[in-house]
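**Student:** Structure file protein_33.cif, mmCIF, C-alpha atoms, is pasted below:
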data_structure
#
loop_
_atom_site.label_atom_id
_atom_site.label_comp_id
_atom_site.auth_asym_id
_atom_site.auth_seq_id
_atom_site.Cartn_x
_atom_site.Cartn_y
_atom_site.Cartn_z
CA MET H 1165 0.12 -69.89 -24.42
CA LYS H 1166 1.07 -68.94 -20.87
CA LYS H 1167 4.23 -67.30 -22.19
CA THR H 1168 2.13 -65.28 -24.63
CA LEU H 1169 -0.15 -64.11 -21.83
CA ILE H 1170 2.79 -63.14 -19.63
CA LEU H 1171 4.28 -61.07 -22.45
CA LEU H 1172 0.96 -59.36 -23.14
CA LEU H 1173 0.41 -58.52 -19.49
CA ALA H 1174 3.95 -57.18 -19.24
CA VAL H 1175 2.94 -54.37 -21.56
CA PHE H 1176 0.80 -52.98 -18.76
CA SER H 1177 3.54 -53.19 -16.14
CA ALA H 1178 6.16 -51.43 -18.28
CA ILE H 1179 5.02 -47.99 -17.08
CA CYS H 1180 7.55 -46.41 -14.73
CA LEU H 1181 5.34 -43.97 -12.87
CA ARG H 1182 4.42 -45.05 -9.36
CA ALA H 1183 0.65 -45.19 -9.71
CA GLN H 1184 0.34 -46.21 -6.06
CA ASP H 1185 1.28 -42.64 -5.18
CA TYR H 1186 -2.00 -41.49 -6.69
CA PHE H 1187 -3.97 -43.33 -3.97
CA PRO H 1188 -2.62 -42.44 -0.52
CA GLY H 1189 -4.09 -44.42 2.34
CA ALA H 1190 -5.57 -47.10 0.09
CA ASN H 1191 -6.79 -50.16 1.97
CA PRO H 1192 -4.82 -53.10 0.52
CA GLN H 1193 -7.62 -55.56 1.41
CA PRO H 1194 -10.94 -53.72 1.05
CA TYR H 1195 -13.08 -56.86 0.73
CA PRO H 1196 -13.40 -60.23 2.45
CA PRO H 1197 -11.42 -62.99 0.68
CA PHE H 1198 -12.96 -63.78 -2.70
CA ALA H 1199 -13.64 -67.43 -1.85
CA GLU H 1200 -15.68 -66.37 1.18
CA SER H 1201 -17.60 -63.72 -0.74
CA TRP H 1202 -18.40 -66.11 -3.57
CA LYS H 1203 -19.68 -68.77 -1.18
CA ALA H 1204 -21.81 -66.25 0.71
CA ASP H 1205 -23.30 -64.71 -2.42
CA PRO H 1206 -23.44 -66.98 -5.50
CA MET H 1207 -25.21 -64.18 -7.40
CA MET H 1208 -21.81 -62.50 -7.67
CA VAL H 1209 -21.46 -64.49 -10.89
CA THR H 1210 -23.78 -61.98 -12.57
CA GLY H 1211 -21.21 -59.23 -12.01
CA ASN H 1212 -22.42 -55.73 -12.79
CA TYR H 1213 -25.81 -57.11 -13.85
CA LEU H 1214 -26.75 -57.67 -10.22
CA MET H 1215 -30.02 -56.12 -9.17
CA TYR H 1216 -29.91 -53.28 -6.62
CA ARG H 1217 -30.46 -54.36 -3.02
CA MET H 1218 -32.80 -52.07 -1.14
CA ASP H 1219 -32.14 -53.53 2.31
CA THR H 1220 -29.36 -51.11 3.18
CA PRO H 1221 -28.06 -50.42 6.71
CA ALA H 1222 -29.08 -47.31 8.59
CA PRO H 1223 -26.54 -44.47 8.35
CA THR H 1224 -24.34 -43.39 11.20
CA PRO H 1225 -26.34 -40.74 13.10
CA ALA H 1226 -25.37 -37.18 12.22
CA PRO H 1227 -23.67 -35.07 14.88
CA ALA H 1228 -26.08 -33.25 17.18
CA GLY H 1229 -27.87 -30.36 15.54
CA PHE H 1230 -27.10 -31.31 11.92
CA LYS H 1231 -29.99 -31.96 9.50
CA PRO H 1232 -29.85 -33.04 5.81
CA PHE H 1233 -30.74 -30.26 3.35
CA TYR H 1234 -29.16 -31.10 -0.04
CA ILE H 1235 -28.22 -34.19 -2.09
CA SER H 1236 -25.94 -34.54 -5.10
CA THR H 1237 -25.78 -37.83 -7.03
CA TYR H 1238 -24.29 -39.65 -9.97
CA GLY H 1239 -26.04 -42.90 -10.79
CA ARG H 1240 -26.16 -45.68 -13.29
CA HIS H 1241 -29.25 -46.42 -15.36
CA GLY H 1242 -31.57 -49.16 -14.16
CA ALA H 1243 -31.64 -52.80 -15.26
CA ARG H 1244 -31.27 -53.24 -19.00
CA PHE H 1245 -31.22 -55.85 -21.70
CA PHE H 1246 -27.75 -56.98 -22.70
CA GLY H 1247 -26.03 -54.34 -24.79
CA ARG H 1248 -25.70 -56.26 -28.06
CA ASN H 1249 -28.63 -57.73 -29.98
CA GLU H 1250 -26.08 -60.02 -31.59
CA MET H 1251 -25.75 -62.02 -28.38
CA TYR H 1252 -29.43 -62.92 -28.30
CA ASP H 1253 -29.62 -63.53 -32.06
CA THR H 1254 -26.55 -65.79 -32.07
CA ILE H 1255 -27.92 -67.98 -29.29
CA ALA H 1256 -31.30 -68.12 -31.02
CA ARG H 1257 -29.76 -69.35 -34.31
CA LEU H 1258 -27.64 -71.95 -32.51
CA PHE H 1259 -30.43 -73.45 -30.42
CA ASP H 1260 -33.07 -73.24 -33.16
CA ALA H 1261 -30.82 -75.29 -35.44
CA ALA H 1262 -30.03 -77.72 -32.64
CA ILE H 1263 -33.67 -78.37 -31.74
CA ALA H 1264 -34.54 -78.88 -35.41
CA GLN H 1265 -31.81 -81.50 -35.72
CA GLY H 1266 -32.50 -83.21 -32.41
CA ALA H 1267 -29.03 -82.26 -31.19
CA LEU H 1268 -29.92 -81.12 -27.66
CA THR H 1269 -29.68 -83.01 -24.40
CA PRO H 1270 -32.59 -82.70 -21.93
CA ASP H 1271 -30.68 -79.87 -20.25
CA GLY H 1272 -30.22 -78.26 -23.65
CA VAL H 1273 -33.95 -78.44 -24.32
CA GLU H 1274 -34.61 -76.75 -20.97
CA PHE H 1275 -31.97 -74.10 -21.67
CA ARG H 1276 -33.63 -73.30 -25.01
CA SER H 1277 -37.10 -73.17 -23.42
CA ARG H 1278 -35.94 -70.59 -20.89
CA PHE H 1279 -34.05 -68.68 -23.56
CA GLN H 1280 -37.16 -68.41 -25.74
CA ARG H 1281 -39.00 -66.70 -22.88
CA VAL H 1282 -36.16 -64.20 -22.51
CA TYR H 1283 -35.76 -63.71 -26.27
CA ALA H 1284 -39.46 -62.88 -26.67
CA GLN H 1285 -38.82 -59.80 -24.51
CA ALA H 1286 -35.26 -58.99 -25.58
CA LYS H 1287 -35.27 -59.33 -29.37
CA GLY H 1288 -34.24 -56.03 -30.95
CA ARG H 1289 -33.97 -54.28 -27.57
CA GLY H 1290 -30.24 -54.56 -26.90
CA GLY H 1291 -29.23 -52.02 -24.26
CA ASP H 1292 -32.77 -50.83 -23.56
CA LEU H 1293 -34.16 -50.31 -20.07
CA THR H 1294 -36.30 -53.23 -18.89
CA ARG H 1295 -39.53 -53.04 -16.91
CA LEU H 1296 -37.51 -54.12 -13.88
CA GLY H 1297 -35.17 -51.20 -14.52
CA VAL H 1298 -38.09 -48.77 -14.49
CA ALA H 1299 -39.36 -50.26 -11.23
CA GLN H 1300 -35.86 -49.99 -9.72
CA GLN H 1301 -35.61 -46.27 -10.38
CA GLN H 1302 -39.12 -45.63 -9.08
CA GLU H 1303 -38.38 -47.47 -5.84
CA LEU H 1304 -35.04 -45.68 -5.44
CA ALA H 1305 -36.82 -42.32 -5.72
CA ARG H 1306 -39.34 -43.32 -3.05
CA LYS H 1307 -36.50 -44.64 -0.89
CA MET H 1308 -34.62 -41.34 -1.12
CA LEU H 1309 -37.75 -39.49 -0.01
CA ARG H 1310 -38.19 -41.87 2.92
CA ASP H 1311 -34.56 -41.59 3.94
CA TYR H 1312 -34.27 -37.79 3.61
CA PRO H 1313 -37.75 -36.25 3.89
CA ALA H 1314 -36.44 -32.93 5.19
CA VAL H 1315 -34.47 -32.35 1.96
CA PHE H 1316 -37.62 -32.40 -0.16
CA LYS H 1317 -39.98 -30.55 2.12
CA GLY H 1318 -41.74 -27.53 0.60
CA GLN H 1319 -41.40 -25.90 -2.81
CA ARG H 1320 -37.83 -26.78 -3.59
CA LEU H 1321 -36.03 -27.46 -6.86
CA VAL H 1322 -34.65 -30.72 -8.25
CA ASP H 1323 -32.34 -30.63 -11.26
CA ALA H 1324 -31.97 -33.94 -13.15
CA ARG H 1325 -29.58 -34.50 -16.06
CA SER H 1326 -29.01 -37.60 -18.16
CA THR H 1327 -26.66 -38.71 -20.87
CA THR H 1328 -28.35 -38.90 -24.25
CA VAL H 1329 -28.56 -42.71 -24.13
CA PRO H 1330 -32.23 -43.82 -24.04
CA ARG H 1331 -31.90 -46.16 -21.05
CA CYS H 1332 -30.44 -43.31 -19.02
CA ILE H 1333 -33.13 -40.86 -20.11
CA LEU H 1334 -35.87 -43.34 -19.24
CA SER H 1335 -34.19 -44.04 -15.88
CA MET H 1336 -34.22 -40.31 -15.12
CA THR H 1337 -37.86 -40.04 -16.17
CA ALA H 1338 -38.93 -43.01 -14.03
CA PHE H 1339 -37.06 -41.65 -11.02
CA CYS H 1340 -38.37 -38.10 -11.38
CA ASP H 1341 -41.96 -39.22 -12.03
CA ALA H 1342 -41.96 -41.21 -8.80
CA LEU H 1343 -40.33 -38.31 -6.96
CA GLY H 1344 -42.89 -35.82 -8.23
CA THR H 1345 -45.84 -38.11 -7.57
CA ALA H 1346 -44.78 -38.65 -3.97
CA SER H 1347 -43.82 -35.00 -3.40
CA PRO H 1348 -45.92 -32.81 -5.74
CA SER H 1349 -44.66 -29.54 -4.25
CA LEU H 1350 -41.24 -30.10 -5.86
CA GLU H 1351 -40.27 -28.26 -9.02
CA ILE H 1352 -38.40 -30.86 -11.07
CA HIS H 1353 -36.36 -29.99 -14.16
CA GLN H 1354 -35.18 -32.78 -16.47
CA ASP H 1355 -32.74 -32.51 -19.34
CA ALA H 1356 -30.77 -34.82 -21.65
CA SER H 1357 -28.49 -32.85 -23.93
CA ALA H 1358 -25.15 -33.14 -25.68
CA ALA H 1359 -24.30 -29.92 -23.82
CA ASP H 1360 -23.89 -31.94 -20.60
CA MET H 1361 -22.18 -35.00 -22.05
CA HIS H 1362 -18.65 -33.71 -21.44
CA TYR H 1363 -19.11 -34.19 -17.68
CA LEU H 1364 -21.83 -36.85 -17.54
CA LYS H 1365 -19.72 -39.12 -19.77
CA PRO H 1366 -16.29 -37.55 -19.35
CA ASN H 1367 -14.22 -39.99 -21.39
CA SER H 1368 -16.51 -39.65 -24.39
CA LYS H 1369 -15.93 -37.72 -27.60
CA PHE H 1370 -17.77 -34.77 -26.05
CA ASN H 1371 -14.84 -34.03 -23.74
CA PRO H 1372 -12.15 -32.14 -25.70
CA LYS H 1373 -9.43 -33.55 -23.43
CA VAL H 1374 -10.06 -37.14 -24.51
CA ARG H 1375 -7.59 -38.67 -26.95
CA PRO H 1376 -9.18 -40.42 -29.96
CA ASP H 1377 -7.78 -43.82 -28.99
CA GLU H 1378 -9.25 -43.48 -25.49
CA VAL H 1379 -12.84 -42.52 -26.32
CA ASP H 1380 -15.01 -44.44 -23.85
CA SER H 1381 -11.72 -46.17 -22.91
CA LYS H 1382 -12.70 -48.47 -25.78
CA MET H 1383 -14.93 -50.64 -23.61
CA ASP H 1384 -16.42 -52.27 -26.69
CA VAL H 1385 -15.00 -55.59 -27.81
CA GLY H 1386 -12.80 -55.20 -30.86
CA GLU H 1387 -11.25 -51.86 -30.02
CA GLY H 1388 -9.73 -51.71 -26.54
CA ARG H 1389 -6.08 -51.98 -25.58
CA TRP H 1390 -7.14 -54.69 -23.14
CA LEU H 1391 -8.63 -56.88 -25.89
CA GLU H 1392 -5.70 -59.10 -26.88
CA PRO H 1393 -4.72 -60.27 -23.37
CA TRP H 1394 -8.39 -60.60 -22.42
CA GLN H 1395 -9.06 -62.87 -25.40
CA GLU H 1396 -5.99 -64.93 -24.53
CA MET H 1397 -7.27 -65.27 -20.96
CA TRP H 1398 -10.60 -66.51 -22.23
CA ARG H 1399 -8.88 -69.08 -24.47
CA GLN H 1400 -6.88 -70.37 -21.51
CA THR H 1401 -9.69 -70.27 -18.96
CA ALA H 1402 -12.94 -71.24 -20.69
CA HIS H 1403 -13.86 -74.89 -21.24
CA PRO H 1404 -16.48 -74.67 -24.00
CA GLN H 1405 -16.44 -78.39 -24.79
CA GLU H 1406 -17.36 -79.24 -21.20
CA PHE H 1407 -20.00 -76.48 -21.09
CA PHE H 1408 -21.67 -77.42 -24.37
CA ALA H 1409 -21.49 -81.15 -23.55
CA ARG H 1410 -24.17 -80.46 -20.94
CA LEU H 1411 -26.46 -78.98 -23.58
CA PHE H 1412 -25.60 -80.77 -26.84
CA LYS H 1413 -25.36 -84.48 -27.57
CA ASP H 1414 -22.24 -83.67 -29.57
CA PRO H 1415 -20.50 -80.50 -28.31
CA THR H 1416 -18.72 -80.06 -31.66
CA PHE H 1417 -22.14 -79.15 -33.12
CA VAL H 1418 -21.55 -75.52 -32.09
CA GLU H 1419 -18.39 -75.18 -34.20
CA ALA H 1420 -20.47 -74.53 -37.32
CA PHE H 1421 -21.83 -71.40 -35.60
CA GLY H 1422 -18.56 -69.78 -34.58
CA ASP H 1423 -15.67 -69.95 -32.12
CA PRO H 1424 -16.81 -72.16 -29.20
CA VAL H 1425 -15.06 -69.86 -26.71
CA HIS H 1426 -16.98 -66.86 -28.06
CA LEU H 1427 -20.23 -68.83 -27.99
CA GLU H 1428 -19.70 -69.85 -24.37
CA ARG H 1429 -18.98 -66.20 -23.55
CA GLU H 1430 -22.30 -65.20 -25.14
CA CYS H 1431 -24.09 -67.79 -23.00
CA PHE H 1432 -22.27 -66.45 -19.95
CA TYR H 1433 -23.51 -62.94 -20.73
CA LEU H 1434 -27.04 -64.28 -21.18
CA MET H 1435 -26.86 -65.90 -17.75
CA ALA H 1436 -25.50 -62.74 -16.16
CA ASP H 1437 -28.03 -60.33 -17.67
CA THR H 1438 -31.21 -62.41 -17.38
CA PRO H 1439 -32.06 -61.23 -13.82
CA CYS H 1440 -32.46 -57.76 -15.38
CA VAL H 1441 -35.12 -59.16 -17.71
CA SER H 1442 -36.92 -61.67 -15.51
CA ASP H 1443 -36.97 -62.35 -11.79
CA VAL H 1444 -38.01 -65.98 -12.32
CA ILE H 1445 -35.74 -67.26 -15.13
CA ASP H 1446 -32.23 -68.38 -14.16
CA PHE H 1447 -29.42 -69.93 -16.24
CA ARG H 1448 -26.83 -70.34 -13.48
CA GLU H 1449 -27.48 -74.06 -13.04
CA PHE H 1450 -26.13 -74.73 -16.53
CA PHE H 1451 -22.68 -73.47 -15.55
CA ASP H 1452 -20.16 -75.23 -13.38
CA SER H 1453 -19.79 -72.93 -10.39
CA GLU H 1454 -15.98 -73.01 -10.41
CA GLU H 1455 -15.79 -72.16 -14.09
CA ALA H 1456 -18.37 -69.40 -13.65
CA ALA H 1457 -16.15 -67.89 -10.96
CA ARG H 1458 -13.15 -67.99 -13.32
CA LEU H 1459 -15.12 -66.35 -16.13
CA TRP H 1460 -16.35 -63.68 -13.71
CA GLU H 1461 -12.71 -63.02 -12.89
CA LEU H 1462 -11.94 -62.29 -16.56
CA GLU H 1463 -14.76 -59.77 -16.79
CA ASN H 1464 -13.70 -58.24 -13.50
CA TRP H 1465 -10.14 -57.83 -14.91
CA ARG H 1466 -11.55 -56.06 -17.96
CA PHE H 1467 -13.45 -53.55 -15.81
CA TYR H 1468 -10.37 -53.01 -13.67
CA GLN H 1469 -8.33 -52.08 -16.73
CA VAL H 1470 -10.98 -50.01 -18.51
CA SER H 1471 -12.57 -48.15 -15.60
CA GLY H 1472 -10.49 -48.52 -12.47
CA PRO H 1473 -6.84 -48.12 -11.47
CA GLY H 1474 -5.51 -50.73 -13.91
CA ARG H 1475 -2.59 -49.40 -15.93
CA THR H 1476 -3.91 -50.12 -19.44
CA TYR H 1477 -4.78 -46.47 -20.06
CA ASN H 1478 -1.88 -44.95 -18.09
CA ASP H 1479 -4.28 -43.69 -15.38
CA ARG H 1480 -6.03 -41.46 -17.89
CA ASN H 1481 -9.30 -43.42 -17.76
CA TRP H 1482 -10.19 -42.42 -14.19
CA ALA H 1483 -8.47 -39.02 -14.50
CA TYR H 1484 -11.05 -37.97 -17.10
CA ALA H 1485 -13.63 -37.95 -14.29
CA GLU H 1486 -12.11 -34.69 -13.03
CA VAL H 1487 -14.61 -32.70 -15.07
CA LEU H 1488 -17.50 -34.59 -13.42
CA LEU H 1489 -16.13 -34.12 -9.91
CA ASP H 1490 -15.48 -30.44 -10.67
CA GLN H 1491 -19.10 -30.00 -11.79
CA ILE H 1492 -20.39 -31.75 -8.65
CA VAL H 1493 -18.33 -29.56 -6.31
CA ARG H 1494 -18.99 -26.28 -8.11
CA SER H 1495 -22.72 -26.96 -8.34
CA ALA H 1496 -22.89 -27.80 -4.65
CA GLY H 1497 -21.23 -24.51 -3.71
CA GLU H 1498 -23.56 -22.52 -5.96
CA ASP H 1499 -26.66 -24.38 -4.81
CA MET H 1500 -25.88 -23.87 -1.14
CA ALA H 1501 -25.40 -20.15 -1.76
CA GLU H 1502 -28.68 -19.87 -3.67
CA GLY H 1503 -30.64 -22.03 -1.24
CA ARG H 1504 -33.59 -23.43 -3.25
CA MET H 1505 -32.02 -26.54 -4.77
CA ALA H 1506 -32.89 -29.76 -2.95
CA ALA H 1507 -31.02 -32.20 -5.19
CA ARG H 1508 -28.94 -32.54 -8.32
CA LEU H 1509 -29.43 -35.93 -9.95
CA ARG H 1510 -27.13 -37.21 -12.71
CA PHE H 1511 -27.92 -40.37 -14.69
CA GLY H 1512 -25.15 -42.11 -16.58
CA HIS H 1513 -23.13 -45.31 -16.79
CA ASP H 1514 -21.28 -47.78 -14.58
CA TYR H 1515 -17.81 -47.31 -16.00
CA MET H 1516 -18.09 -43.53 -15.62
CA LEU H 1517 -19.03 -44.09 -11.99
CA VAL H 1518 -16.01 -46.35 -11.47
CA ASN H 1519 -13.80 -43.58 -12.90
CA LEU H 1520 -15.30 -41.21 -10.33
CA LEU H 1521 -14.92 -43.67 -7.43
CA THR H 1522 -11.29 -44.25 -8.38
CA LEU H 1523 -10.62 -40.53 -8.66
CA LEU H 1524 -12.13 -40.10 -5.17
CA ASN H 1525 -9.64 -42.71 -3.89
CA LEU H 1526 -12.37 -44.86 -2.34
CA ASP H 1527 -11.43 -48.25 -0.90
CA GLY H 1528 -12.33 -51.01 -3.33
CA TRP H 1529 -11.58 -48.84 -6.34
CA ASN H 1530 -8.06 -47.58 -5.72
CA VAL H 1531 -5.61 -50.46 -5.27
CA VAL H 1532 -2.99 -50.73 -8.03
CA THR H 1533 -1.67 -54.20 -8.81
CA GLU H 1534 -0.25 -55.99 -11.83
CA ASP H 1535 -0.98 -59.39 -10.22
CA PHE H 1536 -3.92 -60.90 -12.11
CA GLY H 1537 -4.77 -63.24 -9.26
CA ARG H 1538 -4.94 -60.40 -6.74
CA ILE H 1539 -7.26 -58.11 -8.70
CA LYS H 1540 -10.37 -60.01 -7.59
CA GLU H 1541 -9.37 -59.40 -3.96
CA VAL H 1542 -9.08 -55.62 -4.32
CA PHE H 1543 -11.58 -54.71 -7.08
CA ARG H 1544 -15.03 -56.20 -7.71
CA PHE H 1545 -17.34 -55.06 -10.45
CA SER H 1546 -20.14 -56.95 -8.70
CA GLU H 1547 -20.29 -53.87 -6.46
CA LEU H 1548 -21.85 -52.06 -9.45
CA PRO H 1549 -25.42 -53.38 -9.52
CA MET H 1550 -27.95 -51.98 -11.92
CA ALA H 1551 -28.95 -48.48 -10.73
CA THR H 1552 -25.69 -48.13 -8.75
CA ASN H 1553 -25.40 -44.60 -7.39
CA LEU H 1554 -23.09 -42.39 -5.40
CA LYS H 1555 -24.88 -39.95 -3.11
CA LEU H 1556 -23.33 -36.96 -1.40
CA ILE H 1557 -25.67 -35.90 1.40
CA PHE H 1558 -25.18 -32.45 2.88
CA TYR H 1559 -26.08 -31.60 6.50
CA ARG H 1560 -26.28 -28.19 8.18
CA ASN H 1561 -26.72 -26.88 11.72
CA ARG H 1562 -28.18 -23.60 12.93
CA ALA H 1563 -24.75 -21.99 12.91
CA GLY H 1564 -24.54 -22.62 9.17
CA GLU H 1565 -21.80 -25.25 9.40
CA VAL H 1566 -22.03 -27.89 6.66
CA LEU H 1567 -21.04 -31.56 6.75
CA VAL H 1568 -20.93 -34.02 3.83
CA ARG H 1569 -21.53 -37.76 3.97
CA ALA H 1570 -20.89 -40.08 1.00
CA ALA H 1571 -22.86 -43.27 0.32
CA LEU H 1572 -22.41 -45.81 -2.47
CA ASN H 1573 -25.62 -47.74 -3.04
CA ASP H 1574 -26.86 -46.29 0.26
CA ARG H 1575 -23.91 -47.77 2.15
CA GLU H 1576 -21.52 -45.32 3.76
CA VAL H 1577 -18.06 -44.94 2.28
CA ARG H 1578 -15.11 -43.19 3.91
CA LEU H 1579 -12.77 -40.76 2.23
CA HIS H 1580 -9.03 -40.55 2.84
CA ILE H 1581 -9.14 -36.99 4.16
CA ASP H 1582 -6.29 -36.18 6.52
CA GLY H 1583 -7.41 -35.52 10.08
CA ALA H 1584 -10.99 -36.68 9.50
CA GLU H 1585 -12.43 -40.02 10.54
CA GLY H 1586 -15.72 -39.70 8.71
CA PRO H 1587 -18.27 -40.61 7.63
CA TYR H 1588 -19.20 -36.91 8.16
CA TYR H 1589 -16.73 -34.41 6.72
CA ARG H 1590 -16.62 -30.63 7.00
CA TRP H 1591 -17.61 -29.12 3.66
CA GLU H 1592 -14.43 -27.08 3.60
CA ASP H 1593 -12.31 -30.23 4.07
CA PHE H 1594 -14.32 -32.18 1.52
CA GLU H 1595 -14.08 -29.39 -1.05
CA ALA H 1596 -10.31 -29.02 -0.52
CA PHE H 1597 -9.88 -32.79 -0.85
CA CYS H 1598 -11.81 -32.80 -4.14
CA GLN H 1599 -9.80 -29.89 -5.48
CA ARG H 1600 -6.57 -31.77 -4.76
CA ARG H 1601 -7.86 -34.85 -6.57
CA ILE H 1602 -9.00 -32.71 -9.51
CA ALA H 1603 -5.59 -31.03 -9.69
CA LEU H 1604 -3.88 -34.45 -9.67
CA ALA H 1605 -6.11 -35.69 -12.49
CA ARG H 1606 -5.45 -32.61 -14.59
CA GLN H 1607 -1.73 -33.09 -14.09
CA ILE H 1608 -2.08 -36.66 -15.41
CA LEU H 1609 -4.08 -35.51 -18.43
CA GLU H 1610 -1.48 -32.90 -19.32
CA ARG H 1611 1.25 -35.53 -19.74
#
Please express what this file holds, its structure, as structure tokens.
**Tutor:**
Amino acid sequence: MKKTLILLLAVFSAICLRAQDYFPGANPQPYPPFAESWKADPMMVTGNYLMYRMDTPAPTPAPAGFKPFYISTYGRHGARFFGRNEMYDTIARLFDAAIAQGALTPDGVEFRSRFQRVYAQAKGRGGDLTRLGVAQQQELARKMLRDYPAVFKGQRLVDARSTTVPRCILSMTAFCDALGTASPSLEIHQDASAADMHYLKPNSKFNPKVRPDEVDSKMDVGEGRWLEPWQEMWRQTAHPQEFFARLFKDPTFVEAFGDPVHLERECFYLMADTPCVSDVIDFREFFDSEEAARLWELENWRFYQVSGPGRTYNDRNWAYAEVLLDQIVRSAGEDMAEGRMAARLRFGHDYMLVNLLTLLNLDGWNVVTEDFGRIKEVFRFSELPMATNLKLIFYRNRAGEVLVRAALNDREVRLHIDGAEGPYYRWEDFEAFCQRRIALARQILER
């Protein structure tokens, strides 16, 4: 099986272009060693289902005389139920049959009891925003007002756009309602239209540049180029018999309900997503911590290939974000010239945001490697909690000079702009940097 996996992975390394050239100045070790990070934060196992952490550090003070006056964002929807109803329904059938036949261990009975409490909320709601997701967006709106009160002072405009996916629309509504309640003098416009999907979800069918076999980079199981090696990795890495032996008197009981590897994966997804549904129910104790870390690594690899600088899609996945970055930069220029706009808020999806972060050549999203074992050291999808957002905060002085500061989840990030240390960048330098990245992406897409 190892030979099969090596051959499958070789497909991705058979591309001759030097992708590293697309990411000048990339930090080869953007994170602490994985073992240290995992020990310090066991919740990493939940991956991109982590809940947003509001206790963010204070920003570096702006240079003397500069005050914030405009914000531009792209953010992920808030906490949601797992995307497929099938996951919940499959686990329900398995554990209902097991309890009826007396097949569960005491741990299995406890697992089922907790699952029933989750299932009562989740049944039929796959992919929907949860109550915790609504609360997240409301608190993020209040936090933005607290952090940047000068931006929203007076009768200014806020333009909010969402993809047409319900959880994104409801995230936008929750955010804007809290914003308007706390600052009633604002004029807030909200919209969710197919007309904006080409830039809010730039590798979707709404973008005419997207090839049919790359729509959404085929994130869904059953369609992506990454699927075959990923499935082989799961077969080599997962230990379903050991996992189900903790829950079932006879672990072979599950075989009547499907592939044990697939069933363990569904339980892993349940564990990862449950903090989005309940802040008191936890399934982590049913997983061996070392195996959970290995399974996290497989999901992290998938995100790296689908959304980041992995070579599966020949660099086209992140290059599609050029239309989003172009819209951000053009809108900022127009809004600064017009003067009334306080903020442009965009609500979308995590893998679109990773495309954008990779296009921007940010550390943690820009290291190219074909070494499976190294990917977890240079790319971590746990950095994409629910309601993840990239903010561009604009500052101006009395002379009319403009600086831009970037923050991911309210933590400063630095751009690889020649001659600039950051985290504050001259608007002219930032705009020129973005135009170079856009031009590079368009060159890739024209291949």
**Student:** Between H:Arg1569, H:Lys1413, H:Arg1494, H:Lys1373, single out the one closest to Leu1609 in chain H, counting only C-alpha atoms.
**Tutor:**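 For Leu1609 in chain H, the nearest of the candidates is H:Lys1373.
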**Student:** Give as a PyMOL selection string the residues that the PyMOL selection byres ((chain H and resi 1471-1478) around 8) matches when applied to the coordinates above.
**Tutor:** chain H and resi 1176-1177+1179+1378+1381+1389-1390+1467-1470+1479-1482+1515-1516+1518-1519+1522+1529-1534
**Student:** With distances taken over all atoms listed in the file, which residue among H:Gly1586, H:Gly1422, H:Pro1549, H:Pro1227 lies nearest His1513 in chain H?
**Tutor:** H:Pro1549
**Student:** Name the residues captured by the PyMOL selection byres ((chain H and resi 1323) around 7) when it is applied to the shown file; answer as a ChimeraX atom specification.
**Tutor:** /H:1321-1322,1324-1325,1352-1354,1507-1509
**Student:** What is the CA of Phe1594 in chain H to CA of Ala1305 in chain H distance in Å?
**Tutor:** 25.7 Å
**Student:** Could you tell me which residues the PyMOL selection byres ((chain H and resi 1520) around 12) grabs in this file, written as a count of residues only?
**Tutor:** 47
**Student:** Mind giving me the straight-line distance from CA of Ala1243 in chain H to CA of Arg1217 in chain H in Å, one decimal?
**Tutor:**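 Distance reported for this atom pair: 12.4 Å.
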**Student:** Determine the nearest neighbour of Leu1258 in chain H from the options H:Pro1313, H:Arg1611, H:Ala1420, H:Val1444, counting all atoms listed in the file.
**Tutor:**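 Under the stated criterion, the closest residue is H:Ala1420.
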**Student:** Identify which of the residues H:Gly1318, H:Gly1229, H:Gly1247, H:Gly1537 lies closest to Arg1562 in chain H, counting only C-alpha atoms when measuring atom-to-atom distances.
**Tutor:**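 Residue with the minimum atom-to-atom distance to Arg1562 in chain H: H:Gly1229.
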**Student:** Name the closest residue to Phe1230 in chain H among the candidates H:Met1505, H:Ala1570, H:Leu1427, H:Ala1314; distances are taken between atoms, counting all atoms listed in the file.
**Tutor:** H:Ala1314
**Student:** Which residues, written as a ChimeraX atom specification, have at least one atom at most 12 Å from Arg1448 in chain H, with all atoms listed in the file counted and residues fewer than 6 positions away on the same chain left out?
**Tutor:** /H:1206-1210,1275,1278,1407,1431-1439,1454-1457
**Student:** Between H:Leu1334, H:Leu1293, H:Ala1496, H:Ala1402, which is the closest to Phe1245 in chain H once you count all atoms listed in the file?
**Tutor:**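 Closest residue, counting all atoms listed in the file: H:Leu1293.
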**Student:** Which value, in Å to one decimal, gives the distance between CA of Ile1608 in chain H and CA of Leu1579 in chain H?
**Tutor:**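 These two atoms are separated by 21.0 Å.
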**Student:** Output file request: range 1589-1600 of chain H, with C-alpha atoms, as a PDB file, in the first residue's frame.
**Tutor:**
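The result, stored in decode-v3.pdb:
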ATOM      1  CA  TYR H1589       2.072  49.858   4.696  1.00  0.00           C
ATOM      2  CA  ARG H1590       1.710  52.906   2.479  1.00  0.00           C
ATOM      3  CA  TRP H1591      -1.465  52.560   0.422  1.00  0.00           C
ATOM      4  CA  GLU H1592       0.502  53.115  -2.762  1.00  0.00           C
ATOM      5  CA  ASP H1593       2.894  50.273  -1.874  1.00  0.00           C
ATOM      6  CA  PHE H1594       0.074  47.987  -0.810  1.00  0.00           C
ATOM      7  CA  GLU H1595      -1.907  48.666  -3.988  1.00  0.00           C
ATOM      8  CA  ALA H1596       1.157  48.072  -6.193  1.00  0.00           C
ATOM      9  CA  PHE H1597       1.886  44.827  -4.330  1.00  0.00           C
ATOM     10  CA  CYS H1598      -1.689  43.613  -4.873  1.00  0.00           C
ATOM     11  CA  GLN H1599      -1.564  44.510  -8.546  1.00  0.00           C
ATOM     12  CA  ARG H1600       1.597  42.436  -8.965  1.00  0.00           C
TER      13      ARG H1600
END
